[in-house]
>>> print(open('input-v3.txt').read())   # compact mmCIF, C-alpha atoms
# COMPACT_ATOMS: atom_id res chain seq x y z
CA MET U 1 -10.45 15.25 17.49
CA ARG U 2 -8.34 12.11 17.88
CA ALA U 3 -7.15 10.29 14.79
CA TYR U 4 -9.21 7.17 15.44
CA GLU U 5 -12.43 9.23 15.56
CA ARG U 6 -11.76 10.44 12.03
CA PHE U 7 -10.79 6.93 11.01
CA LEU U 8 -14.16 5.54 12.11
CA LYS U 9 -15.82 7.94 9.67
CA TYR U 10 -13.50 7.27 6.75
CA VAL U 11 -13.80 3.48 6.81
CA ARG U 12 -17.52 3.72 6.07
CA PHE U 13 -16.73 5.13 2.62
CA SER U 14 -16.57 2.29 0.11
CA THR U 15 -13.37 2.90 -1.84
CA GLN U 16 -12.17 -0.54 -2.93
CA SER U 17 -10.17 -0.10 -6.14
CA SER U 18 -10.48 -2.32 -9.20
CA GLU U 19 -8.04 -3.56 -11.81
CA ARG U 20 -10.80 -4.13 -14.34
CA THR U 21 -12.50 -0.77 -14.93
CA GLY U 22 -9.71 1.00 -16.82
CA THR U 23 -10.78 4.37 -15.37
CA THR U 24 -9.02 6.90 -13.11
CA PRO U 25 -9.91 6.52 -10.35
CA SER U 26 -10.87 2.93 -10.83
CA THR U 27 -14.04 3.19 -8.69
CA GLU U 28 -16.60 5.94 -8.10
CA GLY U 29 -16.44 5.66 -4.32
CA GLN U 30 -12.98 7.21 -4.31
CA TRP U 31 -14.44 10.42 -5.75
CA VAL U 32 -16.88 10.57 -2.85
CA LEU U 33 -14.19 10.24 -0.19
CA ALA U 34 -11.93 12.67 -2.05
CA GLY U 35 -14.61 15.34 -1.98
CA ALA U 36 -15.22 14.83 1.73
CA LEU U 37 -11.50 15.04 2.52
CA ALA U 38 -11.02 18.20 0.50
CA GLU U 39 -13.92 19.81 2.35
CA GLU U 40 -12.48 18.75 5.70
CA LEU U 41 -9.10 20.23 4.78
CA ARG U 42 -10.87 23.47 3.89
CA GLN U 43 -12.71 23.54 7.20
CA LEU U 44 -9.48 22.94 9.10
CA GLY U 45 -7.95 25.98 7.41
CA LEU U 46 -5.45 24.52 4.96
CA GLU U 47 -4.85 26.51 1.81
CA ARG U 48 -5.94 25.55 -1.70
CA PRO U 49 -7.66 22.24 -0.89
CA SER U 50 -8.68 20.66 -4.16
CA VAL U 51 -9.51 17.45 -5.98
CA ASP U 52 -7.97 17.36 -9.45
CA GLY U 53 -9.32 15.63 -12.53
CA ASN U 54 -7.60 12.38 -11.54
CA CYS U 55 -9.00 12.30 -7.99
CA VAL U 56 -5.81 13.43 -6.26
CA VAL U 57 -6.56 15.52 -3.15
CA THR U 58 -3.99 18.19 -2.28
CA ALA U 59 -3.67 21.07 0.16
CA TRP U 60 -0.86 22.91 1.91
CA LEU U 61 0.12 25.03 4.86
CA PRO U 62 2.51 27.91 4.20
CA ALA U 63 5.58 28.13 6.40
CA SER U 64 5.18 29.88 9.73
CA PRO U 65 6.73 33.37 9.76
CA GLY U 66 10.46 32.99 10.26
CA TYR U 67 10.51 29.35 9.11
CA GLU U 68 10.53 29.91 5.36
CA ALA U 69 14.03 28.44 5.02
CA ALA U 70 12.95 25.06 6.38
CA PRO U 71 12.53 22.38 3.71
CA ALA U 72 9.00 21.83 2.43
CA ILE U 73 7.80 18.46 3.70
CA GLY U 74 4.98 16.40 2.23
CA PHE U 75 2.74 13.74 3.79
CA LEU U 76 0.73 11.32 1.64
CA ALA U 77 -1.76 8.49 2.13
CA HIS U 78 -4.05 6.63 -0.24
CA MET U 79 -7.82 6.52 -0.28
CA ASP U 80 -8.49 3.14 -1.88
CA THR U 81 -8.67 -0.20 -0.13
CA ALA U 82 -7.37 -3.53 -1.39
CA THR U 83 -8.94 -5.64 -4.11
CA ALA U 84 -8.30 -8.94 -2.31
CA PHE U 85 -11.23 -8.74 0.11
CA SER U 86 -14.49 -6.81 0.33
CA GLY U 87 -14.36 -3.21 1.49
CA GLU U 88 -18.10 -2.66 1.09
CA GLY U 89 -20.22 -1.90 4.15
CA VAL U 90 -17.39 -1.77 6.69
CA GLU U 91 -18.68 -1.82 10.28
CA PRO U 92 -15.83 -0.95 12.66
CA ILE U 93 -15.91 -2.43 16.15
CA LEU U 94 -14.09 -0.99 19.17
CA HIS U 95 -12.65 -3.32 21.79
CA PRO U 96 -11.75 -1.04 24.75
CA GLY U 97 -9.22 -2.41 27.22
CA TYR U 98 -8.31 -5.25 24.88
CA ASP U 99 -6.72 -8.11 26.84
CA GLY U 100 -4.23 -9.31 24.21
CA GLY U 101 -6.06 -12.59 23.56
CA ASP U 102 -8.22 -13.97 20.77
CA VAL U 103 -10.67 -11.53 19.17
CA ILE U 104 -13.97 -13.10 18.15
CA LEU U 105 -15.53 -11.26 15.22
CA PRO U 106 -19.32 -11.40 15.06
CA LYS U 107 -19.68 -12.40 11.40
CA ALA U 108 -18.47 -15.27 9.22
CA GLY U 109 -17.18 -17.20 12.24
CA ARG U 110 -13.80 -15.50 12.10
CA VAL U 111 -11.41 -15.20 15.04
CA ILE U 112 -8.20 -13.17 15.19
CA ARG U 113 -6.11 -15.65 17.17
CA ALA U 114 -3.26 -14.47 19.38
CA GLU U 115 -1.37 -17.67 18.63
CA GLU U 116 -1.35 -16.86 14.92
CA PHE U 117 -0.65 -13.15 15.35
CA PRO U 118 1.90 -12.59 18.14
CA PHE U 119 1.81 -8.80 17.71
CA LEU U 120 -1.58 -8.81 19.45
CA LYS U 121 0.09 -9.09 22.86
CA SER U 122 1.71 -5.69 22.29
CA LEU U 123 -1.75 -4.15 21.91
CA ALA U 124 -3.04 -5.34 25.30
CA GLY U 125 -4.66 -2.57 27.32
CA LYS U 126 -5.40 -0.48 24.26
CA THR U 127 -8.60 0.16 22.33
CA LEU U 128 -8.41 -2.31 19.47
CA ILE U 129 -10.41 -1.56 16.32
CA THR U 130 -11.50 -4.34 13.95
CA ALA U 131 -14.14 -4.92 11.30
CA ASP U 132 -16.99 -7.38 11.90
CA GLY U 133 -15.42 -10.30 10.03
CA SER U 134 -17.29 -9.85 6.74
CA THR U 135 -15.03 -7.12 5.31
CA LEU U 136 -11.56 -5.72 5.68
CA LEU U 137 -11.24 -2.75 8.02
CA GLY U 138 -9.54 -0.21 5.78
CA ALA U 139 -6.71 0.83 8.10
CA ASP U 140 -4.68 0.43 4.91
CA ASP U 141 -4.73 3.30 4.37
CA LYS U 142 -7.50 5.29 5.97
CA ALA U 143 -5.55 5.20 9.23
CA GLY U 144 -2.83 7.13 7.42
CA ILE U 145 -5.34 9.68 6.15
CA ALA U 146 -6.74 10.16 9.66
CA GLU U 147 -3.28 10.63 11.18
CA ILE U 148 -2.22 13.19 8.57
CA MET U 149 -5.49 15.06 8.94
CA THR U 150 -5.14 15.12 12.74
CA MET U 151 -1.55 16.32 12.40
CA CYS U 152 -2.79 19.25 10.31
CA GLU U 153 -5.49 20.09 12.84
CA ARG U 154 -2.99 20.17 15.68
CA LEU U 155 -0.44 22.21 13.74
CA LEU U 156 -3.05 24.90 13.30
CA ALA U 157 -4.81 24.65 16.65
CA GLU U 158 -1.60 24.55 18.71
CA ARG U 159 0.24 27.03 16.47
CA ILE U 160 3.23 24.73 16.15
CA PRO U 161 5.95 26.47 14.07
CA HIS U 162 6.68 24.70 10.81
CA GLY U 163 8.08 24.98 7.33
CA ARG U 164 5.79 24.54 4.36
CA ILE U 165 3.62 21.42 4.75
CA CYS U 166 2.12 19.72 1.70
CA VAL U 167 -0.62 17.08 1.96
CA ALA U 168 -1.92 14.65 -0.66
CA PHE U 169 -4.37 11.77 -0.69
CA THR U 170 -4.13 9.57 -3.78
CA PRO U 171 -6.41 7.01 -5.48
CA ASP U 172 -5.66 3.50 -6.70
CA GLU U 173 -2.48 2.75 -4.75
CA GLU U 174 -3.58 -0.84 -4.29
CA ILE U 175 -3.54 -1.45 -8.03
CA GLY U 176 -0.20 0.32 -8.51
CA GLU U 177 -1.60 3.44 -10.16
CA GLY U 178 -1.46 6.00 -7.34
CA PRO U 179 1.31 8.19 -8.78
CA ASP U 180 0.24 7.79 -12.44
CA HIS U 181 -1.11 11.32 -12.58
CA PHE U 182 0.65 12.87 -9.60
CA ASP U 183 2.18 16.29 -10.30
CA VAL U 184 5.34 16.36 -8.19
CA ALA U 185 6.26 19.93 -9.15
CA ALA U 186 2.80 21.27 -8.31
CA PHE U 187 2.76 19.38 -5.01
CA GLY U 188 5.52 21.67 -3.81
CA ALA U 189 7.38 19.47 -1.33
CA ARG U 190 11.10 18.86 -1.44
CA TYR U 191 10.83 15.63 0.54
CA ALA U 192 7.86 13.55 1.66
CA TYR U 193 6.65 10.58 3.65
CA THR U 194 3.90 8.14 2.81
CA VAL U 195 1.97 7.06 5.90
CA ASP U 196 0.82 3.64 4.84
CA GLY U 197 0.72 0.54 7.01
CA GLY U 198 2.94 -1.11 9.60
CA ALA U 199 3.47 -0.75 13.32
CA ALA U 200 3.73 2.66 14.93
CA GLY U 201 7.39 3.63 14.75
CA SER U 202 8.19 1.51 11.70
CA ILE U 203 10.19 3.24 8.97
CA GLU U 204 10.54 1.65 5.56
CA TYR U 205 12.98 2.81 2.90
CA GLU U 206 13.57 -0.43 1.01
CA ASN U 207 10.94 -2.17 -1.06
CA PHE U 208 10.60 -4.81 -3.72
CA ASN U 209 11.34 -4.23 -7.36
CA ALA U 210 8.05 -5.29 -8.90
CA ALA U 211 6.70 -6.53 -12.20
CA SER U 212 3.51 -8.13 -13.46
CA ALA U 213 3.29 -11.04 -15.88
CA ASP U 214 0.14 -11.60 -17.95
CA ILE U 215 0.24 -14.94 -19.79
CA THR U 216 -2.35 -15.84 -22.41
CA ILE U 217 -2.44 -19.46 -23.59
CA THR U 218 -4.42 -20.33 -26.70
CA GLY U 219 -5.03 -24.06 -26.94
CA VAL U 220 -6.43 -26.33 -29.61
CA SER U 221 -9.93 -27.39 -28.64
CA VAL U 222 -11.65 -30.38 -30.22
CA HIS U 223 -14.16 -32.93 -29.00
CA PRO U 224 -12.44 -35.03 -26.32
CA GLY U 225 -13.66 -38.19 -28.00
CA SER U 226 -11.46 -37.51 -31.03
CA ALA U 227 -8.74 -35.44 -29.39
CA LYS U 228 -5.77 -37.80 -29.61
CA GLY U 229 -2.78 -36.08 -31.20
CA ILE U 230 -4.80 -32.91 -31.77
CA MET U 231 -6.03 -31.31 -28.55
CA GLU U 232 -3.83 -28.81 -26.72
CA ASN U 233 -5.50 -28.10 -23.38
CA ALA U 234 -4.65 -24.52 -22.38
CA LEU U 235 -5.30 -25.34 -18.71
CA LEU U 236 -2.76 -28.16 -18.72
CA ILE U 237 -0.21 -25.93 -20.46
CA ALA U 238 -0.79 -23.36 -17.72
CA GLN U 239 -0.02 -26.03 -15.14
CA GLN U 240 3.24 -26.80 -16.90
CA ILE U 241 4.28 -23.15 -16.82
CA ASN U 242 3.60 -22.86 -13.11
CA GLY U 243 5.29 -26.21 -12.45
CA ALA U 244 8.46 -25.03 -14.20
CA LEU U 245 8.93 -22.13 -11.75
CA PRO U 246 10.87 -22.68 -8.49
CA PRO U 247 8.35 -24.20 -6.05
CA GLU U 248 10.02 -22.72 -2.96
CA GLU U 249 10.03 -19.18 -4.35
CA ILE U 250 6.45 -18.25 -3.54
CA PRO U 251 5.14 -15.80 -0.92
CA ALA U 252 4.20 -18.52 1.59
CA ARG U 253 7.78 -19.84 1.65
CA THR U 254 9.84 -16.64 1.57
CA CYS U 255 10.54 -13.75 3.92
CA GLY U 256 12.83 -10.75 4.43
CA TYR U 257 14.81 -9.96 1.30
CA GLU U 258 13.79 -13.15 -0.50
CA GLY U 259 11.92 -12.60 -3.74
CA PHE U 260 9.13 -14.67 -5.26
CA PHE U 261 6.79 -15.53 -8.11
CA HIS U 262 3.15 -15.22 -7.06
CA LEU U 263 0.32 -16.68 -9.13
CA ASP U 264 -2.24 -14.00 -8.38
CA GLY U 265 -5.02 -15.15 -10.68
CA MET U 266 -5.94 -17.83 -13.19
CA GLU U 267 -8.91 -18.31 -15.46
CA GLY U 268 -9.86 -20.27 -18.53
CA VAL U 269 -11.14 -23.30 -20.36
CA PRO U 270 -9.28 -25.83 -22.53
CA ALA U 271 -9.45 -23.47 -25.53
CA GLN U 272 -7.84 -20.53 -23.74
CA ALA U 273 -6.44 -19.70 -20.33
CA ARG U 274 -4.82 -16.71 -18.66
CA MET U 275 -2.43 -16.53 -15.75
CA PHE U 276 -1.55 -13.42 -13.77
CA TYR U 277 1.69 -13.30 -11.81
CA ILE U 278 3.44 -10.70 -9.73
CA ILE U 279 7.23 -10.95 -9.64
CA ARG U 280 9.19 -9.45 -6.74
CA ASP U 281 12.80 -9.07 -5.58
CA HIS U 282 14.72 -6.46 -3.58
CA ASP U 283 17.91 -6.94 -5.58
CA ARG U 284 17.78 -5.38 -9.06
CA GLU U 285 19.96 -8.09 -10.68
CA LYS U 286 17.91 -10.90 -9.13
CA PHE U 287 14.76 -9.09 -10.23
CA ALA U 288 16.02 -9.05 -13.81
CA ALA U 289 16.90 -12.75 -13.52
CA ARG U 290 13.38 -13.58 -12.35
CA LYS U 291 11.86 -11.83 -15.35
CA ALA U 292 14.29 -13.61 -17.66
CA LEU U 293 13.33 -16.95 -16.12
CA MET U 294 9.66 -16.25 -16.72
CA GLU U 295 10.45 -15.47 -20.36
CA ARG U 296 12.46 -18.69 -20.76
CA VAL U 297 9.79 -20.85 -19.17
CA CYS U 298 7.05 -19.44 -21.37
CA ALA U 299 9.22 -19.84 -24.48
CA GLN U 300 10.20 -23.42 -23.63
CA VAL U 301 6.69 -24.56 -22.74
CA GLY U 302 5.37 -22.82 -25.83
CA ALA U 303 7.95 -24.57 -28.02
CA ALA U 304 6.84 -27.94 -26.62
CA HIS U 305 3.29 -27.21 -27.85
CA PRO U 306 3.78 -25.86 -31.38
CA THR U 307 0.11 -25.93 -32.35
CA ALA U 308 -0.82 -23.92 -29.26
CA LYS U 309 0.25 -20.34 -28.49
CA VAL U 310 1.80 -18.89 -25.34
CA GLU U 311 1.95 -15.09 -25.12
CA LEU U 312 3.70 -13.29 -22.25
CA LYS U 313 3.34 -9.61 -21.37
CA LEU U 314 5.79 -8.40 -18.73
CA ARG U 315 5.41 -4.95 -17.21
CA ASP U 316 7.56 -3.31 -14.54
CA SER U 317 5.48 -1.74 -11.77
CA TYR U 318 7.98 -0.01 -9.47
CA TYR U 319 11.55 -0.24 -8.20
CA ASN U 320 13.37 -0.29 -4.87
CA MET U 321 13.25 3.23 -3.44
CA LYS U 322 16.53 2.64 -1.57
CA GLU U 323 18.41 3.53 -4.74
CA GLN U 324 16.82 7.00 -4.73
CA LEU U 325 17.08 7.67 -1.00
CA ALA U 326 20.83 7.06 -0.71
CA GLY U 327 21.56 10.79 -0.89
CA CYS U 328 18.89 11.92 1.56
CA MET U 329 18.93 9.48 4.45
CA HIS U 330 18.19 12.40 6.77
CA LEU U 331 14.56 11.46 6.04
CA VAL U 332 15.11 8.19 7.88
CA ASP U 333 17.25 9.76 10.62
CA ILE U 334 14.60 12.40 11.33
CA ALA U 335 11.84 9.80 11.42
CA GLU U 336 13.82 7.69 13.89
CA LYS U 337 14.33 10.70 16.18
CA ALA U 338 10.66 11.57 15.88
CA ALA U 339 9.65 8.06 16.93
CA VAL U 340 11.95 8.12 19.97
CA GLN U 341 10.51 11.47 21.00
CA ALA U 342 7.03 9.92 20.77
CA GLY U 343 8.09 7.16 23.15
CA VAL U 344 8.44 4.25 20.72
CA GLU U 345 11.45 2.31 19.52
CA PRO U 346 11.86 2.89 15.78
CA THR U 347 12.20 -0.17 13.57
CA THR U 348 13.35 -0.46 9.97
CA GLU U 349 12.75 -3.43 7.73
CA PRO U 350 12.38 -4.03 4.00
CA ILE U 351 8.86 -3.76 2.62
CA ARG U 352 7.67 -6.98 1.04
CA GLY U 353 5.54 -4.91 -1.28
CA GLY U 354 5.50 -1.30 -2.38
CA THR U 355 3.96 2.08 -1.70
CA ASP U 356 3.24 5.19 -3.71
CA GLY U 357 6.50 6.44 -2.23
CA ALA U 358 8.51 3.92 -4.23
CA ARG U 359 7.41 5.42 -7.53
CA LEU U 360 7.39 8.99 -6.24
CA SER U 361 11.02 8.58 -5.21
CA TYR U 362 11.84 7.85 -8.85
CA MET U 363 9.76 10.84 -9.93
CA GLY U 364 11.96 13.23 -7.96
CA LEU U 365 10.20 13.20 -4.59
CA PRO U 366 12.23 11.12 -2.08
CA CYS U 367 9.58 9.42 -0.02
CA PRO U 368 10.11 6.68 2.63
CA ASN U 369 7.14 5.12 4.37
CA LEU U 370 5.97 5.44 7.97
CA GLY U 371 3.78 2.92 9.80
CA THR U 372 0.20 3.79 10.68
CA GLY U 373 -0.21 1.29 13.52
CA GLY U 374 -2.26 -1.04 11.31
CA PHE U 375 -1.83 -4.82 11.07
CA ASN U 376 -3.12 -7.68 8.89
CA ALA U 377 -3.95 -5.51 5.89
CA HIS U 378 -6.02 -6.73 2.94
CA GLY U 379 -8.24 -9.12 4.85
CA PRO U 380 -10.91 -9.58 7.53
CA MET U 381 -8.33 -9.89 10.35
CA GLU U 382 -7.17 -6.30 9.85
CA CYS U 383 -6.88 -4.22 13.01
CA VAL U 384 -5.41 -1.06 14.52
CA ALA U 385 -5.25 0.40 18.04
CA ALA U 386 -6.59 3.89 18.73
CA GLU U 387 -3.62 4.70 20.97
CA ASP U 388 -1.15 3.69 18.26
CA MET U 389 -2.84 6.10 15.91
CA ASP U 390 -2.27 8.82 18.51
CA THR U 391 1.40 7.82 18.60
CA VAL U 392 1.76 8.01 14.83
CA THR U 393 0.15 11.45 14.85
CA GLU U 394 2.74 12.53 17.42
CA ILE U 395 5.54 11.11 15.26
CA LEU U 396 4.31 13.18 12.30
CA LEU U 397 4.23 16.31 14.44
CA ASN U 398 7.74 15.59 15.70
CA ILE U 399 8.98 15.24 12.13
CA VAL U 400 7.53 18.66 11.35
CA ARG U 401 9.17 20.15 14.47
CA LEU U 402 12.54 18.61 13.65
CA TYR U 403 12.54 19.84 10.06
CA SER U 404 11.37 23.31 11.06
CA GLY U 405 14.85 24.02 12.43
CA MET U 406 16.70 22.69 9.38
CA SER U 407 17.64 23.97 5.94
CA VAL U 408 18.51 20.69 4.19
>>> encode(input="input-v3.txt", output="structure tokens")
Amino acid sequence: MRAYERFLKYVRFSTQSSERTGTTPSTEGQWVLAGALAEELRQLGLERPSVDGNCVVTAWLPASPGYEAAPAIGFLAHMDTATAFSGEGVEPILHPGYDGGDVILPKAGRVIRAEEFPFLKSLAGKTLITADGSTLLGADDKAGIAEIMTMCERLLAERIPHGRICVAFTPDEEIGEGPDHFDVAAFGARYAYTVDGGAAGSIEYENFNAASADITITGVSVHPGSAKGIMENALLIAQQINGALPPEEIPARTCGYEGFFHLDGMEGVPAQARMFYIIRDHDREKFAARKALMERVCAQVGAAHPTAKVELKLRDSYYNMKEQLAGCMHLVDIAEKAAVQAGVEPTTEPIRGGTDGARLSYMGLPCPNLGTGGFNAHGPMECVAAEDMDTVTEILLNIVRLYSGMSV
């Protein structure tokens, strides 16, 4: 079975995660997909397929006879889809022989325009897969799951020699909780790769340092007719906080290694308001400076409104994995060789986000990220090409082959 055929099945599972439930996993649909994946791993012939009490799916293949000295390699992908756009009722559409031009989606009047997304030209002639315009597609990261699963099938069917191979599918990556309950020691891999978004052949080993900022503003609410000198409008105070941050340092005006402050949510009334920010920077010192600036702004605005109250909760989410991969860059070197062998030019660039691999690298499992072939994640313009999924599967197999002859 080709990877895209599996993918078409997986995207129909509703697995959108949620920041509001407070459960693990955050949504029931992830349990359903987890059970189906564990059963598929069992049917393929992997050993010890299971779903643990935190909805982490694991399985492994023992080393081929004579290859026990090869390092144990892990491959991971996540089951949930993003919170930013609906993942309910996904209807994938195949566009065989795609011409590289605009893609008209049948619902909501949406069009994936080639002028806006230049990468589309590189997909000409391939079988493009999109959603119908009313949902995201779910290539982030069900494409990764399909590619890992197809890799496993081919390892067994073609009797490709290999060291120990460990597989895991995690919940709640999109809300930053994927590795919260991940047992690195039990997983059994010495090194690993996440397979999670980006063009086929892309290799990512640098990511943002990340934090969240939750600001609660308690105002003083009185009747507006008698408010002079008394009222403190929490919504206006919120505007002052946002206005005190650097206006150019937002996602829409930054790229590459440039960090940002992103107002990700805002709610309230004059009596009370809340603001939710994510803070990002690749450089650890600049990251610390951004958090310090947020603290100063909240303190200064709060001091200017003594009868109101401004409360800030800062929480670090993950750090730049580059710091943990410095001593094992063979992971990147091997991935680059594997991509070349699969007929694609490898590319490396910093992730303007994070993956489970970022946190896993700090938990003792060095774990760069490999592209799945997917584009435009987290929205209705998401797409992936079936042939690129084949290429990624071949890259994974090449990584296994290359490591099978090593004793790192």
>>> residues_around(input="input-v3.txt", residues="region 42-45 of chain U", least_positions_apart="4", cutoff="7 Å", atoms="all atoms listed in the file", output="compact mmCIF listing (two decimals) with C-alpha atoms, in the coordinates of the input")
# COMPACT_ATOMS: atom_id res chain seq x y z
CA ALA U 38 -11.02 18.20 0.50
CA PRO U 49 -7.66 22.24 -0.89
CA GLU U 153 -5.49 20.09 12.84
>>> closest_residue(input="input-v3.txt", among="U:Arg280, U:His95, U:His330, U:Arg164", to="Leu123 (chain U)", atoms="all atoms listed in the file")
U:His95
>>> atom_distance(input="input-v3.txt", atom1="CA of Ile215 (chain U)", atom2="CA of Ala252 (chain U)")
22.0 Å
>>> atom_distance(input="input-v3.txt", atom1="CA of Glu387 (chain U)", atom2="CA of Thr348 (chain U)")
20.9 Å
>>> axis_aligned_box(input="input-v3.txt", around="region 219-228 of chain U", padding_each_side="5 Å", output="lines of an AutoDock Vina configuration file")
center_x = -9.6
center_y = -31.1
center_z = -28.7
size_x = 19.1
size_y = 24.1
size_z = 14.7
>>> residues_around(input="input-v3.txt", residues="Gly379 (chain U)", least_positions_apart="6", cutoff="8 Å", atoms="only C-alpha atoms", output="JSON, numbers by chain")
{"U": [84, 85, 135, 136, 137]}
>>> closest_residue(input="input-v3.txt", among="U:Ile241, U:Gly163, U:Pro25, U:Gly188", to="Gly66 (chain U)", atoms="all atoms listed in the file")
U:Gly163
>>> closest_residue(input="input-v3.txt", among="U:Asp196, U:Asp180, U:Glu267, U:Glu382", to="Val111 (chain U)", atoms="all atoms listed in the file")
U:Glu382
>>> residues_around(input="input-v3.txt", residues="Gly343 (chain U)", least_positions_apart="6", cutoff="12 Å", atoms="all atoms listed in the file", output="ChimeraX atom specification")
/U:200-201,336-337,388,390-392,394-395,398
>>> closest_residue(input="input-v3.txt", among="U:Gly101, U:Gly371, U:Gly259, U:Pro62", to="Glu349 (chain U)", atoms="only C-alpha atoms")
U:Gly371
>>> atom_distance(input="input-v3.txt", atom1="CA of Gly265 (chain U)", atom2="CA of Ala377 (chain U)")
19.2 Å
>>> decode(input="input-v3.txt", residues="region 326-386 of chain U", atoms="C-alpha atoms", output="PDB file, in the first residue's frame")
ATOM      1  CA  ALA U 326      25.445  19.536  18.641  1.00  0.00           C
ATOM      2  CA  GLY U 327      27.066  16.244  19.645  1.00  0.00           C
ATOM      3  CA  CYS U 328      25.124  14.010  17.266  1.00  0.00           C
ATOM      4  CA  MET U 329      24.935  15.818  13.944  1.00  0.00           C
ATOM      5  CA  HIS U 330      25.271  12.445  12.228  1.00  0.00           C
ATOM      6  CA  LEU U 331      21.464  12.469  12.444  1.00  0.00           C
ATOM      7  CA  VAL U 332      21.413  15.385  10.025  1.00  0.00           C
ATOM      8  CA  ASP U 333      24.229  14.004   7.855  1.00  0.00           C
ATOM      9  CA  ILE U 334      22.453  10.660   7.478  1.00  0.00           C
ATOM     10  CA  ALA U 335      19.156  12.342   6.637  1.00  0.00           C
ATOM     11  CA  GLU U 336      20.854  14.444   3.956  1.00  0.00           C
ATOM     12  CA  LYS U 337      22.410  11.338   2.383  1.00  0.00           C
ATOM     13  CA  ALA U 338      19.073   9.558   2.546  1.00  0.00           C
ATOM     14  CA  ALA U 339      17.364  12.411   0.718  1.00  0.00           C
ATOM     15  CA  VAL U 340      19.988  12.456  -2.043  1.00  0.00           C
ATOM     16  CA  GLN U 341      19.598   8.704  -2.476  1.00  0.00           C
ATOM     17  CA  ALA U 342      15.839   9.260  -2.855  1.00  0.00           C
ATOM     18  CA  GLY U 343      16.479  11.740  -5.657  1.00  0.00           C
ATOM     19  CA  VAL U 344      15.749  15.014  -3.859  1.00  0.00           C
ATOM     20  CA  GLU U 345      17.984  17.888  -2.842  1.00  0.00           C
ATOM     21  CA  PRO U 346      18.016  18.113   0.960  1.00  0.00           C
ATOM     22  CA  THR U 347      17.273  21.483   2.519  1.00  0.00           C
ATOM     23  CA  THR U 348      17.811  22.711   6.062  1.00  0.00           C
ATOM     24  CA  GLU U 349      16.188  25.743   7.584  1.00  0.00           C
ATOM     25  CA  PRO U 350      15.176  26.873  11.071  1.00  0.00           C
ATOM     26  CA  ILE U 351      11.693  25.895  12.184  1.00  0.00           C
ATOM     27  CA  ARG U 352       9.527  28.889  12.964  1.00  0.00           C
ATOM     28  CA  GLY U 353       7.692  26.760  15.472  1.00  0.00           C
ATOM     29  CA  GLY U 354       8.419  23.529  17.286  1.00  0.00           C
ATOM     30  CA  THR U 355       7.889  19.792  17.186  1.00  0.00           C
ATOM     31  CA  ASP U 356       7.721  17.011  19.733  1.00  0.00           C
ATOM     32  CA  GLY U 357      11.362  16.455  18.814  1.00  0.00           C
ATOM     33  CA  ALA U 358      12.380  19.744  20.410  1.00  0.00           C
ATOM     34  CA  ARG U 359      11.259  18.606  23.844  1.00  0.00           C
ATOM     35  CA  LEU U 360      12.318  14.998  23.316  1.00  0.00           C
ATOM     36  CA  SER U 361      15.830  16.194  22.530  1.00  0.00           C
ATOM     37  CA  TYR U 362      15.948  17.753  26.002  1.00  0.00           C
ATOM     38  CA  MET U 363      14.558  14.547  27.494  1.00  0.00           C
ATOM     39  CA  GLY U 364      17.534  12.543  26.249  1.00  0.00           C
ATOM     40  CA  LEU U 365      16.299  11.496  22.805  1.00  0.00           C
ATOM     41  CA  PRO U 366      18.058  13.576  20.101  1.00  0.00           C
ATOM     42  CA  CYS U 367      15.362  14.099  17.520  1.00  0.00           C
ATOM     43  CA  PRO U 368      15.534  16.365  14.424  1.00  0.00           C
ATOM     44  CA  ASN U 369      12.526  16.722  12.159  1.00  0.00           C
ATOM     45  CA  LEU U 370      11.969  15.465   8.617  1.00  0.00           C
ATOM     46  CA  GLY U 371       9.480  16.918   6.137  1.00  0.00           C
ATOM     47  CA  THR U 372       6.382  14.963   5.162  1.00  0.00           C
ATOM     48  CA  GLY U 373       5.740  16.706   1.844  1.00  0.00           C
ATOM     49  CA  GLY U 374       2.892  18.739   3.344  1.00  0.00           C
ATOM     50  CA  PHE U 375       2.316  22.474   2.839  1.00  0.00           C
ATOM     51  CA  ASN U 376       0.062  25.210   4.272  1.00  0.00           C
ATOM     52  CA  ALA U 377      -0.582  23.457   7.577  1.00  0.00           C
ATOM     53  CA  HIS U 378      -3.275  24.566  10.033  1.00  0.00           C
ATOM     54  CA  GLY U 379      -5.750  25.879   7.489  1.00  0.00           C
ATOM     55  CA  PRO U 380      -8.066  25.105   4.570  1.00  0.00           C
ATOM     56  CA  MET U 381      -5.294  25.613   1.968  1.00  0.00           C
ATOM     57  CA  GLU U 382      -3.339  22.625   3.286  1.00  0.00           C
ATOM     58  CA  CYS U 383      -2.111  20.177   0.655  1.00  0.00           C
ATOM     59  CA  VAL U 384       0.306  17.324  -0.048  1.00  0.00           C
ATOM     60  CA  ALA U 385       1.294  15.368  -3.161  1.00  0.00           C
ATOM     61  CA  ALA U 386       0.992  11.584  -3.225  1.00  0.00           C
TER      62      ALA U 386
END
